[in-house]
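**Student:** Mind looking over this structure? Questions follow.
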Amino acid sequence: MIIKAALPHDTSLSSDLKEVAPAAVSPAKVRAEPLIAASPGTLEPPARQAGISATSLGSRHFKADYQVQYAYAYVAGAMVHGIASAVMVIRMGRAGMLSFFGSGGLAPSAVEQAIVQIQQALQPGQPYGANLLNGSHEEANVALFLKHGVRNTGASAYLQMTSGLVRYRLCGLKRAGDGSVLARNRIMAKLSRPEIAAAFLHPAPERIVRRLREQGLVSAQQAEWSTQVPMADDICVEADSGGHTDRGVAATLLPAIQRQRDAAMAAHAYRKPIRVGCAGGIGIPEAVAAAFVLGVDFILTGSINQCTVEAGSSELVKDRLQELQVQDTDYAPAGDMFEIGARVQVLKRGLFFPVRANKLYELYRSVDSIEQIDPGTARMIQEKYFQRSLAEVYGTADAVSATLPPGSDRRTRSAQWPWHRADRRTRCPGGIPRTHPAIVSESLHQSPSAPRFL
Ligand SMILES: Cc1cc2nc3c(=O)[nH]c(=O)nc-3n(C[C@H](O)[C@H](O)[C@H](O)COP(=O)(O)O)c2cc1C
C-alpha cells in the first residue's frame with residue numbers, strides 16, 4: 001500500500017505535553033495499492049542489474065499457496081477492531097494480495113458479517129484471511145472460520161498452542177494426490193520470540209489432539225495426519241512494530257528464527273517448506289528491500305495501512321498519522337496486558353496518551369492501592385488525566401473488569417489499577433470513532449513506518 005498524498009506538517013502540534021487545539025481535518029487522500037507500484041524507480045536500478053524485480057522477490061511457494069497475483073509476496077496485517085476492515089481486505093484481494101481482516105476485539109457476529117461481506121465481494125481464488133487474536137473469542141471465531149471455509153488465518157499474540165488453533169488446523173487436513181498430507185487451513189503465526197516459534201514449527205501437541213478427539217471435534221484420521229504437518233505454514237517474525245511490540249530487531253531476530261525453521265524442517269522431514277517472513281517498521285520500498293536482503297519469504301505491513309482510505313480508522317486518526325515523522329512514536333503500557341508489563345508502540349506527537357499511561361504504570365508499580373498516591377499526584381490524575389474523581393474512574397474500571405473472564409486481574413492487587421484500560425475503553429468504544437477533545441488521550445497504535453516521507 002502506499003500513501004499518495006501526505007498532509008502538510010501541522011506546527012500547532014509541537015509537543016505531546018502541550019494541550020492541542022482542534023486542527024482542521026482534511027480527508028486522508030490515500031488508497032490501498034501495492035507498495036512497490038508507486039515507486040518503481042526506487043528499487044529498480046540496482047535490482048534490475050541483478051535481474052531482480054518486485055515480482056521475483058519472495059517465496060514462490062508462498063505466492064502459489066495464497067494465489068497472489070503479480071507474485072507480490074506482500075501482506076497487509078490484521079488491525080484490531082476492524083481497522084483492517086472488510087473493505088480493505090476486499091480491495092487487497094481484488095488486487096491479488098493477501099490481507100487479514102482485523103477480527104480482534106470484535107464480537108463474533110461482527111466478524112461473521114465481515115467474512116460474509118468479503119466472501120461475497122471476492123471471486124473464488126482471490127486471497128483473503130482473518131485474524132485469530134489470542135484472547136479474543138477464539139472458540140467462536142474458529143467455529144466461524146470453519147463454518148464459512150476461511151482458509152487463511154493470521155494467529156497472533158499466542159504464547160502457547162491452544163485447542164482452537166489445533167482444531168482449525170486439523171479440520172483442514174486432507175490426503176493429497178501424491179500421498180502427502182495437505183493442510184488446507186493455513187496459519188500464519190505472527191510472533192517475536194523463539195519459544196513461541198517452536199510451538200508453531202512443530203506438529204500439534206499430542207495432548208491437545210487427544211482432547212479434541214475425545215470431544216469429537218476432529219476425526220481419527222485428522223488426528224493421525226496431524227503428526228506430519230507443522231502448526232503453521234508461515235512464521236511472520238515481528239520486529240518492533242505498531243501496536244503490541246517486544247521491540248525486536250529484525251536483523252537479529254529473523255536469522256535466529258530462520259535457523260530454527262531450518263532445524264525443524266530437518267527434524268520433522270516436512271515435505272513442504274515453512275516460510276519465514278517479517279513485519280515491523282516496513283513502510284517504504286527501501287525497508288521492503290532490506291527485509292528481502294535478510295532472506296525473508298514475504299513481508300507484512302501494518303501501521304502504514306492505517307492511513308489508507310479503506311482502513312476502518314477515523315478520518316481524524318488518518319490525518320494525524322499522515323503528519324507522522326520517524327521520531328513521533330513512543331512506548332506505553334498495553335491496555336490488555338497492563339499487569340504483566342506488555343508494551344505498545346503508539347503515536348506520541350500531539351497526544352498525551354504515552355506520557356500519562358507511563359505515569360500510571362509507574363504508580364501501579366510503586367504503590368499498593370490508590371489511597372497511597374500522594375495528594376498532589378492524585379489531584380493531577382483526577383483533574384488532568386480523567387477529568388473525574390478516582391472513585392468514578394475506579395467504578396468504571398471495576399465495571400470493565402467485571403466483563404473480563406474469571407481469574408482476570410479484578411481479583412488481585414491490580415484490581416485497583418485498570419484505569420488505563422477503563423479509560424481507553426470508555427473514551428474509545430470499539431477503538432474506531434474518535435473525537436477531537438478525546439484524541440489527546442488516545443492510544444493510537446503506530447510504528448514510525450511513516451507515510452510522511454514517501
Ligand atoms: C492500529 C494497529 C492495530 C493492530 N492490531 C493488530 C491485531 O489486532 N492483530 C494482529 O495480529 N496485529 C495487529 N497489529 C500489528 C500489524 O498487523 C502488523 O503486524 C504490524 O503493524 C507491523 O508493524 P508496522 O506497524 O511497523 O508496520 C496492529 C497494528 C496496528 C498499527
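By convention here, the chains of the C-alpha cells are called A, B, ... in the order presented, each chain's residues are numbered starting at 1, and ligands are numbered starting at 1 in the order presented.
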Just want the residues within 7 Å of ligand 1, written as a VMD selection string, counting only C-alpha atoms and all ligand atoms.
**Tutor:** chain A and resid 77 to 81 83 102 to 104 131 133 154 to 157 190 238 240 to 243 279 to 283 300 to 304 306 444 to 449
**Student:** Can you work out which one of A:Leu182, A:Ala256, A:Leu170, A:Ala84 has the shortest atom-to-atom distance to Pro194 (chain A), counting only C-alpha atoms?
**Tutor:** A:Ala256
**Student:** Taking only C-alpha atoms into account, which of A:Lys348, A:Arg259, A:Lys359, A:Arg271 comes nearest Asp178 (chain A)?
**Tutor:**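 Selected residue with least distance to Asp178 (chain A): A:Arg271.
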**Student:** May I ask for the distance between CA of Ser369 (chain A) and CA of Glu339 (chain A), given in Å to one decimal place?
**Tutor:**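 Spanning CA of Ser369 (chain A) to CA of Glu339 (chain A) is a straight-line distance of 14.1 Å.
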**Student:** Taking the DSSP secondary structure from the backbone, can you list the residues of region 121-225 of chain A that are strand (DSSP E or B), as a list in words?
**Tutor:**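 Matching residues for strand (DSSP E or B) in region 121-225 of chain A are Gly129, Ala130, Asn131, Leu132, Leu133, Asn152, Thr153, Gly154, Ala155, Ser156, Leu173, Lys174, Arg175, Val181, Leu182, Ala183, Arg186, Ile187, Met188, Ala189, Lys190 and Leu191 of chain A.
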**Student:** Which one of A:Glu362, A:Glu224, A:Glu138, A:Asp336 sits closest to Pro203 (chain A) if you count only C-alpha atoms?
**Tutor:**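 Closest residue, counting only C-alpha atoms: A:Glu224.
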**Student:** Just to confirm, what's the straight-line distance from CA of Ala176 (chain A) to CA of Ala220 (chain A) in Å (one decimal)?
**Tutor:**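 So the answer is 17.4 Å.
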**Student:** Among region 81-179 of chain A, which residues carry a DSSP assignment of alpha helix (DSSP H), reported as a PyMOL selection string?
**Tutor:** chain A and resi 86-94+108-121+138-148+163-171
**Student:** Any idea what's packed within 12 Å of Leu159 (chain A), counting only C-alpha atoms, ignoring anything in its chain fewer than 6 positions away? Could you give it as a list of chain:residue names?
**Tutor:**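 My reading of the contact set: A:Leu133, A:Asn134, A:Gly135, A:Ala189, A:Lys190, A:Leu191, A:Ser192, A:Arg193, A:Pro194, A:Glu195, A:Ile196, A:Ala197, A:Ala198, A:Ala199, A:Phe200.
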**Student:** Could you turn the residues from that selection into a file that holds N, CA and C atoms, as a compact mmCIF listing (two decimals), in the first residue's frame?
**Tutor:**
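New file out_39.txt:
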```
# COMPACT_ATOMS: atom_id res chain seq x y z
N LEU A 133 -6.83 -13.46 17.09
CA LEU A 133 -6.03 -12.75 18.08
C LEU A 133 -6.24 -13.45 19.42
N ASN A 134 -5.17 -13.94 20.00
CA ASN A 134 -5.30 -14.68 21.25
C ASN A 134 -6.09 -13.86 22.27
N GLY A 135 -7.06 -14.51 22.90
CA GLY A 135 -7.83 -13.83 23.94
C GLY A 135 -9.08 -13.16 23.41
N ALA A 189 1.63 -17.54 11.62
CA ALA A 189 1.80 -17.19 13.04
C ALA A 189 2.70 -15.96 13.13
N LYS A 190 2.18 -14.93 13.77
CA LYS A 190 2.99 -13.72 13.94
C LYS A 190 3.55 -13.73 15.36
N LEU A 191 4.85 -13.58 15.48
CA LEU A 191 5.47 -13.75 16.79
C LEU A 191 6.83 -13.06 16.81
N SER A 192 7.36 -12.91 18.01
CA SER A 192 8.69 -12.29 18.11
C SER A 192 9.56 -13.01 19.14
N ARG A 193 9.23 -14.26 19.41
CA ARG A 193 10.04 -14.99 20.39
C ARG A 193 10.27 -16.43 19.90
N PRO A 194 11.53 -16.90 20.01
CA PRO A 194 11.84 -18.25 19.51
C PRO A 194 11.02 -19.35 20.16
N GLU A 195 10.70 -19.21 21.47
CA GLU A 195 9.97 -20.33 22.10
C GLU A 195 8.53 -20.42 21.56
N ILE A 196 8.01 -19.29 21.12
CA ILE A 196 6.67 -19.35 20.53
C ILE A 196 6.77 -19.88 19.10
N ALA A 197 7.85 -19.47 18.42
CA ALA A 197 8.08 -20.03 17.07
C ALA A 197 8.13 -21.55 17.15
N ALA A 198 8.79 -22.06 18.20
CA ALA A 198 8.94 -23.52 18.33
C ALA A 198 7.59 -24.21 18.33
N ALA A 199 6.62 -23.61 19.03
CA ALA A 199 5.30 -24.23 19.11
C ALA A 199 4.63 -24.32 17.74
N PHE A 200 4.87 -23.33 16.90
CA PHE A 200 4.23 -23.31 15.58
C PHE A 200 5.02 -24.12 14.54
```
**Student:** Out of A:Leu316, A:Ser163, A:Gly93, A:Val296, which residue has the shortest atom-to-atom distance to Ser59 (chain A) when counting only C-alpha atoms?
**Tutor:**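 Ranked by minimum distance to Ser59 (chain A), first place goes to A:Val296.
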**Student:** In terms of the shortest atom-to-atom distance over only C-alpha atoms, which of A:Thr227, A:Asn152, A:Gln113, A:Ser136 is closest to Phe100 (chain A)?
**Tutor:**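 Residue with the minimum atom-to-atom distance to Phe100 (chain A): A:Asn152.
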**Student:** For Arg94 (chain A), work out the shell of residues within 10 Å, counting only C-alpha atoms and skipping chain neighbours fewer than 5 positions away, then give it as an MDAnalysis selection string.
**Tutor:** chainID A and resid 68:69 88:89 121:123 126:128
